[in-house]
>>> print(open('coords.cif').read())   # mmCIF, C-alpha atoms and all ligand atoms
data_work
#
loop_
_atom_site.label_atom_id
_atom_site.label_comp_id
_atom_site.auth_asym_id
_atom_site.auth_seq_id
_atom_site.Cartn_x
_atom_site.Cartn_y
_atom_site.Cartn_z
CA MET A 1 -12.20 -50.76 41.33
CA ASN A 2 -13.74 -48.91 44.25
CA VAL A 3 -16.67 -46.55 43.89
CA ARG A 4 -14.52 -43.46 43.83
CA ALA A 5 -12.18 -44.86 41.19
CA THR A 6 -15.16 -45.90 39.09
CA LEU A 7 -16.62 -42.42 39.35
CA VAL A 8 -13.30 -40.82 38.38
CA ALA A 9 -13.02 -43.20 35.42
CA LEU A 10 -16.56 -42.36 34.29
CA LEU A 11 -15.92 -38.64 34.60
CA ALA A 12 -12.68 -39.00 32.66
CA THR A 13 -14.47 -40.93 29.90
CA GLY A 14 -17.18 -38.29 29.76
CA ALA A 15 -14.66 -35.46 29.61
CA ALA A 16 -12.69 -37.22 26.87
CA ALA A 17 -15.81 -37.76 24.78
CA PHE A 18 -16.81 -34.14 25.27
CA SER A 19 -13.53 -32.54 24.29
CA ALA A 20 -11.98 -35.35 22.23
CA ALA A 21 -9.27 -33.60 20.25
CA PRO A 22 -8.72 -35.01 16.77
CA ALA A 23 -5.17 -36.13 16.02
CA ASP A 24 -4.58 -33.04 13.87
CA ALA A 25 -5.78 -30.54 16.51
CA GLN A 26 -3.60 -27.44 16.68
CA THR A 27 -2.67 -24.67 19.05
CA ARG A 28 -3.51 -21.39 17.37
CA ASP A 29 -1.90 -18.17 18.54
CA TYR A 30 -3.49 -14.79 17.86
CA TRP A 31 -1.99 -11.42 18.73
CA VAL A 32 -4.48 -8.62 19.33
CA ALA A 33 -4.19 -5.09 20.73
CA ALA A 34 -6.66 -2.44 21.81
CA VAL A 35 -5.75 0.63 19.75
CA PRO A 36 -7.24 4.13 19.57
CA ILE A 37 -8.54 5.45 16.26
CA ASP A 38 -10.58 8.32 14.84
CA TRP A 39 -13.19 6.11 13.19
CA ASN A 40 -15.26 7.52 10.33
CA MET A 41 -18.68 5.87 10.32
CA VAL A 42 -19.58 7.43 6.93
CA PRO A 43 -16.32 8.00 5.00
CA ASN A 44 -18.21 9.02 1.83
CA GLU A 45 -20.04 11.66 3.91
CA ARG A 46 -23.36 10.80 2.29
CA ASP A 47 -26.36 8.53 2.37
CA ALA A 48 -26.44 7.44 -1.28
CA LEU A 49 -30.06 6.23 -1.08
CA GLY A 50 -31.56 9.03 1.02
CA GLY A 51 -29.47 11.84 -0.47
CA THR A 52 -28.41 13.29 2.89
CA THR A 53 -24.87 14.60 3.22
CA PHE A 54 -22.77 14.82 6.38
CA THR A 55 -19.62 16.51 7.61
CA PRO A 56 -16.71 14.78 9.38
CA ALA A 57 -17.80 16.53 12.59
CA GLU A 58 -20.96 14.40 12.41
CA THR A 59 -19.39 11.12 11.32
CA VAL A 60 -15.97 10.78 13.01
CA LEU A 61 -15.90 9.07 16.40
CA PRO A 62 -12.69 8.89 18.46
CA THR A 63 -12.80 5.32 19.79
CA VAL A 64 -10.84 2.15 20.55
CA VAL A 65 -10.87 -1.04 18.46
CA TYR A 66 -9.29 -4.48 18.46
CA ARG A 67 -6.48 -4.77 15.95
CA ARG A 68 -4.63 -7.86 14.70
CA TYR A 69 -0.86 -7.82 15.24
CA SER A 70 2.10 -9.93 14.16
CA PRO A 71 3.62 -12.20 16.86
CA GLY A 72 4.99 -10.17 19.75
CA TRP A 73 2.83 -7.15 18.72
CA VAL A 74 5.68 -6.09 16.39
CA HIS A 75 3.51 -4.54 13.71
CA PRO A 76 -0.22 -4.13 13.04
CA GLU A 77 -1.94 -6.21 10.37
CA ARG A 78 -5.30 -6.11 8.61
CA ASN A 79 -8.17 -7.47 10.69
CA ALA A 80 -10.29 -8.52 7.75
CA ALA A 81 -9.56 -11.39 5.45
CA LEU A 82 -9.60 -10.13 1.86
CA ASP A 83 -13.22 -11.35 1.71
CA GLY A 84 -14.08 -8.39 3.93
CA GLY A 85 -14.08 -6.07 0.97
CA ASN A 86 -13.56 -2.40 1.63
CA GLN A 87 -13.67 -2.33 5.42
CA ASP A 88 -11.25 -3.08 8.23
CA LEU A 89 -10.76 -2.71 12.02
CA ILE A 90 -14.44 -3.12 13.00
CA PRO A 91 -15.11 -5.90 13.80
CA GLY A 92 -11.84 -7.05 15.39
CA PRO A 93 -9.76 -9.84 13.84
CA LEU A 94 -11.72 -12.94 12.86
CA LEU A 95 -10.32 -15.70 15.11
CA ARG A 96 -10.54 -19.00 13.25
CA ALA A 97 -10.19 -22.48 14.75
CA ARG A 98 -11.49 -26.03 14.44
CA ALA A 99 -13.15 -28.17 17.10
CA GLY A 100 -10.40 -29.70 19.25
CA ASP A 101 -7.99 -26.76 18.82
CA ARG A 102 -6.48 -24.80 21.66
CA ILE A 103 -6.50 -21.03 21.08
CA ARG A 104 -4.16 -18.58 22.76
CA VAL A 105 -5.12 -14.93 22.36
CA HIS A 106 -2.27 -12.63 23.37
CA PHE A 107 -3.83 -9.28 24.21
CA LYS A 108 -2.12 -5.93 24.79
CA ASN A 109 -3.74 -2.66 25.82
CA LEU A 110 -2.33 0.10 23.58
CA ASP A 111 -5.13 2.59 24.34
CA SER A 112 -2.88 5.64 24.53
CA ALA A 113 -5.79 8.01 23.80
CA PHE A 114 -8.14 7.25 26.69
CA ARG A 115 -5.84 5.07 28.86
CA ARG A 116 -8.87 3.03 29.90
CA PRO A 117 -8.61 -0.59 31.04
CA HIS A 118 -9.73 -3.18 28.47
CA SER A 119 -10.17 -6.94 28.17
CA MET A 120 -11.40 -9.72 25.88
CA HIS A 121 -14.32 -11.95 26.80
CA PHE A 122 -15.12 -14.88 24.50
CA HIS A 123 -18.40 -16.69 23.91
CA GLY A 124 -18.77 -20.28 22.71
CA VAL A 125 -15.43 -21.74 23.84
CA HIS A 126 -14.13 -23.51 26.95
CA TYR A 127 -11.83 -21.71 29.42
CA ARG A 128 -10.98 -21.28 33.09
CA PRO A 129 -12.14 -18.19 35.05
CA SER A 130 -8.68 -16.62 34.57
CA SER A 131 -9.48 -16.39 30.84
CA ASP A 132 -13.04 -15.04 31.28
CA GLY A 133 -12.05 -11.40 30.84
CA ALA A 134 -15.13 -10.18 32.75
CA TYR A 135 -14.70 -7.60 35.50
CA LEU A 136 -16.19 -8.37 38.91
CA PRO A 137 -14.78 -6.30 41.81
CA GLY A 138 -13.12 -8.51 44.41
CA PHE A 139 -13.26 -11.63 42.26
CA SER A 140 -11.78 -11.12 38.82
CA GLY A 141 -8.04 -10.98 38.17
CA GLY A 142 -5.67 -9.49 35.61
CA ASP A 143 -7.68 -10.97 32.75
CA ALA A 144 -10.56 -8.55 33.30
CA ASP A 145 -8.85 -5.24 33.86
CA VAL A 146 -5.82 -4.99 31.57
CA ALA A 147 -4.31 -1.55 32.18
CA TYR A 148 -2.72 0.61 29.48
CA GLY A 149 0.60 -0.92 28.44
CA GLN A 150 -0.17 -4.28 30.05
CA THR A 151 -0.79 -7.70 28.48
CA TRP A 152 -2.81 -10.85 29.15
CA THR A 153 -2.98 -14.23 27.42
CA TYR A 154 -6.43 -15.82 27.19
CA ARG A 155 -6.35 -19.63 26.91
CA LEU A 156 -9.35 -21.13 25.17
CA THR A 157 -10.35 -24.54 23.84
CA ALA A 158 -12.77 -25.10 20.96
CA GLY A 159 -14.99 -28.07 21.83
CA ARG A 160 -17.36 -29.94 19.56
CA ASP A 161 -20.02 -27.70 21.09
CA SER A 162 -18.10 -24.62 19.90
CA VAL A 163 -18.78 -25.12 16.18
CA GLY A 164 -20.30 -21.95 14.71
CA VAL A 165 -19.63 -18.24 15.08
CA TRP A 166 -19.42 -16.43 18.42
CA PRO A 167 -18.83 -12.94 19.76
CA TYR A 168 -15.89 -11.63 21.70
CA HIS A 169 -15.93 -8.18 23.28
CA ASP A 170 -14.50 -5.94 25.99
CA HIS A 171 -15.91 -6.95 29.41
CA SER A 172 -13.61 -4.71 31.50
CA PRO A 173 -14.83 -1.69 33.50
CA SER A 174 -14.84 0.11 30.09
CA MET A 175 -17.30 -2.39 28.55
CA ASP A 176 -20.19 -0.01 27.80
CA ALA A 177 -18.11 2.68 26.09
CA SER A 178 -16.05 0.04 24.28
CA ILE A 179 -19.02 -1.82 22.81
CA ALA A 180 -20.67 1.45 21.77
CA GLY A 181 -17.37 2.30 20.05
CA GLY A 182 -16.97 -0.95 18.10
CA MET A 183 -14.75 -3.02 20.38
CA TYR A 184 -16.03 -6.46 19.41
CA GLY A 185 -15.21 -9.27 17.01
CA MET A 186 -16.03 -12.87 16.15
CA LEU A 187 -14.70 -16.38 16.55
CA SER A 188 -15.38 -18.69 13.59
CA ILE A 189 -15.07 -22.35 14.51
CA LEU A 190 -15.43 -25.24 12.08
CA GLY A 191 -16.00 -28.87 12.94
CA ALA A 192 -12.85 -31.01 12.72
CA HIS A 193 -13.75 -32.11 9.18
CA ASP A 194 -16.00 -29.24 8.00
CA ARG A 195 -15.29 -27.69 4.64
CA MET A 196 -13.84 -24.17 4.67
CA PRO A 197 -16.17 -21.80 2.82
CA ASP A 198 -14.82 -20.14 -0.33
CA ARG A 199 -15.97 -16.74 0.95
CA GLU A 200 -16.65 -15.71 4.54
CA PHE A 201 -18.42 -12.41 5.26
CA GLU A 202 -18.73 -10.81 8.70
CA VAL A 203 -21.87 -8.75 9.34
CA VAL A 204 -22.12 -7.05 12.75
CA PHE A 205 -25.24 -5.00 13.42
CA ALA A 206 -24.71 -2.31 16.08
CA ALA A 207 -25.77 1.24 16.83
CA MET A 208 -22.89 3.73 16.77
CA GLY A 209 -23.33 7.40 17.53
CA PRO A 210 -26.44 8.59 15.65
CA PHE A 211 -26.13 5.81 13.05
CA GLN A 212 -27.13 2.16 12.73
CA THR A 213 -24.01 0.48 11.44
CA ILE A 214 -22.78 -2.71 9.79
CA ASP A 215 -19.17 -3.34 10.79
CA GLY A 216 -19.03 0.21 12.13
CA ARG A 217 -20.12 1.84 8.88
CA ALA A 218 -23.41 3.38 7.77
CA PHE A 219 -25.10 3.65 4.33
CA VAL A 220 -24.57 1.98 0.97
CA GLY A 221 -21.03 2.56 -0.30
CA ASP A 222 -19.64 2.93 3.22
CA THR A 223 -20.76 -0.44 4.59
CA PRO A 224 -18.87 -3.51 3.35
CA VAL A 225 -19.28 -4.45 -0.32
CA PHE A 226 -19.12 -8.27 -0.24
CA ARG A 227 -18.16 -10.16 -3.39
CA SER A 228 -18.44 -13.73 -4.59
CA THR A 229 -18.59 -15.79 -7.79
CA VAL A 230 -21.31 -18.19 -8.94
CA GLY A 231 -20.49 -21.71 -7.73
CA GLN A 232 -18.69 -20.61 -4.56
CA LEU A 233 -19.64 -21.79 -1.08
CA VAL A 234 -20.37 -18.53 0.75
CA GLN A 235 -20.71 -18.15 4.50
CA TRP A 236 -22.20 -15.17 6.31
CA ASP A 237 -21.19 -14.72 9.95
CA VAL A 238 -23.95 -12.55 11.44
CA MET A 239 -23.91 -10.93 14.88
CA ALA A 240 -25.68 -8.16 16.79
CA MET A 241 -24.11 -6.06 19.55
CA GLY A 242 -25.58 -3.31 21.71
CA SER A 243 -29.13 -3.14 23.06
CA GLU A 244 -31.34 -3.53 19.99
CA HIS A 245 -32.75 -6.34 17.89
CA HIS A 246 -32.18 -6.55 14.15
CA THR A 247 -33.30 -8.65 11.18
CA PHE A 248 -30.77 -9.90 8.63
CA HIS A 249 -32.10 -9.94 5.07
CA VAL A 250 -30.38 -10.63 1.75
CA HIS A 251 -32.10 -9.88 -1.56
CA GLY A 252 -32.45 -12.62 -4.17
CA HIS A 253 -31.30 -15.42 -1.85
CA ARG A 254 -32.72 -17.94 0.61
CA TRP A 255 -31.08 -20.27 3.07
CA ILE A 256 -32.21 -23.27 5.09
CA ALA A 257 -32.75 -22.46 8.79
CA PRO A 258 -32.70 -25.12 11.53
CA GLY A 259 -35.80 -27.27 11.12
CA GLY A 260 -35.39 -27.29 7.35
CA VAL A 261 -37.31 -24.05 6.84
CA PRO A 262 -36.27 -21.77 3.97
CA ARG A 263 -35.71 -18.15 5.03
CA ASP A 264 -34.63 -14.84 3.58
CA THR A 265 -34.85 -12.85 6.82
CA GLN A 266 -33.75 -13.82 10.33
CA SER A 267 -34.06 -11.84 13.55
CA ILE A 268 -31.04 -11.48 15.84
CA GLY A 269 -30.64 -9.98 19.32
CA PRO A 270 -27.68 -8.65 21.33
CA ALA A 271 -24.65 -11.02 21.34
CA GLU A 272 -26.56 -13.61 19.31
CA THR A 273 -24.76 -15.04 16.30
CA TYR A 274 -25.46 -17.36 13.44
CA ARG A 275 -23.73 -18.58 10.35
CA ILE A 276 -25.53 -18.95 7.06
CA ARG A 277 -24.20 -20.91 4.10
CA TRP A 278 -25.28 -21.38 0.54
CA ARG A 279 -23.84 -22.41 -2.80
CA GLU A 280 -23.97 -19.20 -4.81
CA GLU A 281 -26.10 -19.32 -7.96
CA SER A 282 -27.51 -15.80 -8.35
CA PRO A 283 -25.29 -13.37 -10.27
CA GLY A 284 -25.95 -9.66 -9.93
CA THR A 285 -25.74 -6.71 -7.57
CA TRP A 286 -27.89 -7.27 -4.48
CA LEU A 287 -28.73 -5.50 -1.25
CA TYR A 288 -28.31 -6.93 2.22
CA HIS A 289 -29.70 -5.02 5.19
CA CYS A 290 -31.40 -4.95 8.55
CA HIS A 291 -35.14 -5.01 7.87
CA VAL A 292 -36.03 -2.85 10.88
CA GLU A 293 -36.96 0.06 8.62
CA SER A 294 -35.71 2.83 10.91
CA HIS A 295 -32.35 1.03 11.16
CA MET A 296 -32.09 0.61 7.39
CA ASN A 297 -32.77 4.32 6.95
CA ALA A 298 -30.12 5.15 9.58
CA GLY A 299 -27.45 3.27 7.63
CA MET A 300 -27.87 -0.48 8.16
CA ILE A 301 -27.70 -1.51 4.50
CA GLY A 302 -25.02 -2.67 2.07
CA ILE A 303 -24.21 -4.24 -1.32
CA TYR A 304 -23.45 -7.84 -2.25
CA ARG A 305 -21.96 -8.44 -5.71
CA VAL A 306 -22.03 -11.87 -7.36
CA ARG A 307 -20.01 -12.37 -10.55
CA ASN A 308 -20.75 -14.95 -13.21
CA ARG A 309 -18.08 -17.56 -13.63
CU CU B 401 -31.50 -3.31 12.88
#
>>> encode(input="coords.cif", output="structure tokens")
Amino acid sequence: MNVRATLVALLATGAAAFSAAPADAQTRDYWVAAVPIDWNMVPNERDALGGTTFTPAETVLPTVVYRRYSPGWVHPERNAALDGGNQDLIPGPLLRARAGDRIRVHFKNLDSAFRRPHSMHFHGVHYRPSSDGAYLPGFSGGDADVAYGQTWTYRLTAGRDSVGVWPYHDHSPSMDASIAGGMYGMLSILGAHDRMPDREFEVVFAAMGPFQTIDGRAFVGDTPVFRSTVGQLVQWDVMAMGSEHHTFHVHGHRWIAPGGVPRDTQSIGPAETYRIRWREESPGTWLYHCHVESHMNAGMIGIYRVRNR
């Protein structure tokens, strides 16, 4: 074997070890569209803790969100798994995969309200530049600037280094307005042999209009009410979007952070993500919230209900 052949063989071995697909690896297809919506950040029109009331003129934001569709974009479907409780549409559909899977995200721009270009840009997974979805004049292609009525298929691979939760978001020329309006979602990737959690909750901290929101909603009763039962394996997928830092806190619970340290509060910055798991053993009605006090008072707080078996 000459030097070049040896080098090629070594590279091939390295690449195989890096992306070794288990025998049961799948190709997963997701169908997603950008759709306009008049989004109500406070549908109850009140801050139940602070006592303030609002009018729809103060709480409804015309915006664009990612929405899950059936194959071929035939009809819209719920974004949230049933675990998501009372909310839907923000964040976008939870895209699940396992290490070794290929993921095809079929995207269509149905933004008939603003007719802005949109895209999808994914963190945490492997892809070629034509699936990057990030706009760069003179360099990026159709992936980054999907016009109204047009489509693009993003081709991704979940590696062993993709295990965890990751953001996706609009990275087209409309990125700033889109992220401010809730156009983001999460990938949730398990190891090839990881156990599925019994409950999976998505918590996205982001400013929206005058409010500090969780999944696009502000104040107790409007933000998601998450539910579980004692004995269940619960997983929290936590993410921050926008330009501010937040701290995720759950009452009555602790989890083990990397390094073996118990925690009940964890800071998180823009586009950072983490997943937290515990075996539920604390029945009752609990609060979860951002512990930046001004954020909590501007809406970043919700309820977590644990039933006894
Ligand atoms: Cu915060």
>>> residues_near_ligand(input="coords.cif", ligand="ligand CU 401 (chain B)", cutoff="9 Å", atoms="only C-alpha atoms and all ligand atoms", output="PyMOL selection string")
chain A and resi 205-207+212-213+240+244-248+267-268+289-296+300
>>> residues_around(input="coords.cif", residues="Pro56 in chain A", least_positions_apart="5", cutoff="12 Å", atoms="only C-alpha atoms", output="number ranges by chain")
A: 38-46, 61-62
>>> residues_around(input="coords.cif", residues="range 150-166 of chain A", least_positions_apart="4", cutoff="6 Å", atoms="all atoms listed in the file", output="ChimeraX atom specification")
/A:19,99-109,123-127,131,146,186-191,273
>>> axis_aligned_box(input="coords.cif", around="range 235-239 of chain A", padding_each_side="5 Å", output="AutoDock Vina command-line options")
--center_x -22.3 --center_y -14.5 --center_z 9.7 --size_x 13.2 --size_y 17.2 --size_z 20.4
>>> residues_around(input="coords.cif", residues="range 236-238 of chain A", least_positions_apart="3", cutoff="12 Å", atoms="all atoms listed in the file", output="count of residues only")
57
>>> atom_distance(input="coords.cif", atom1="CA of Val60 in chain A", atom2="CA of Pro76 in chain A")
21.7 Å
>>> closest_residue(input="coords.cif", among="A:Val65, A:Met120, A:Asp47, A:Glu281", to="Gly302 in chain A", atoms="only C-alpha atoms")
A:Asp47
>>> atom_distance(input="coords.cif", atom1="CA of Ala257 in chain A", atom2="CA of Gln235 in chain A")
13.5 Å
>>> atom_distance(input="coords.cif", atom1="CA of Thr27 in chain A", atom2="CA of Gly142 in chain A")
22.7 Å
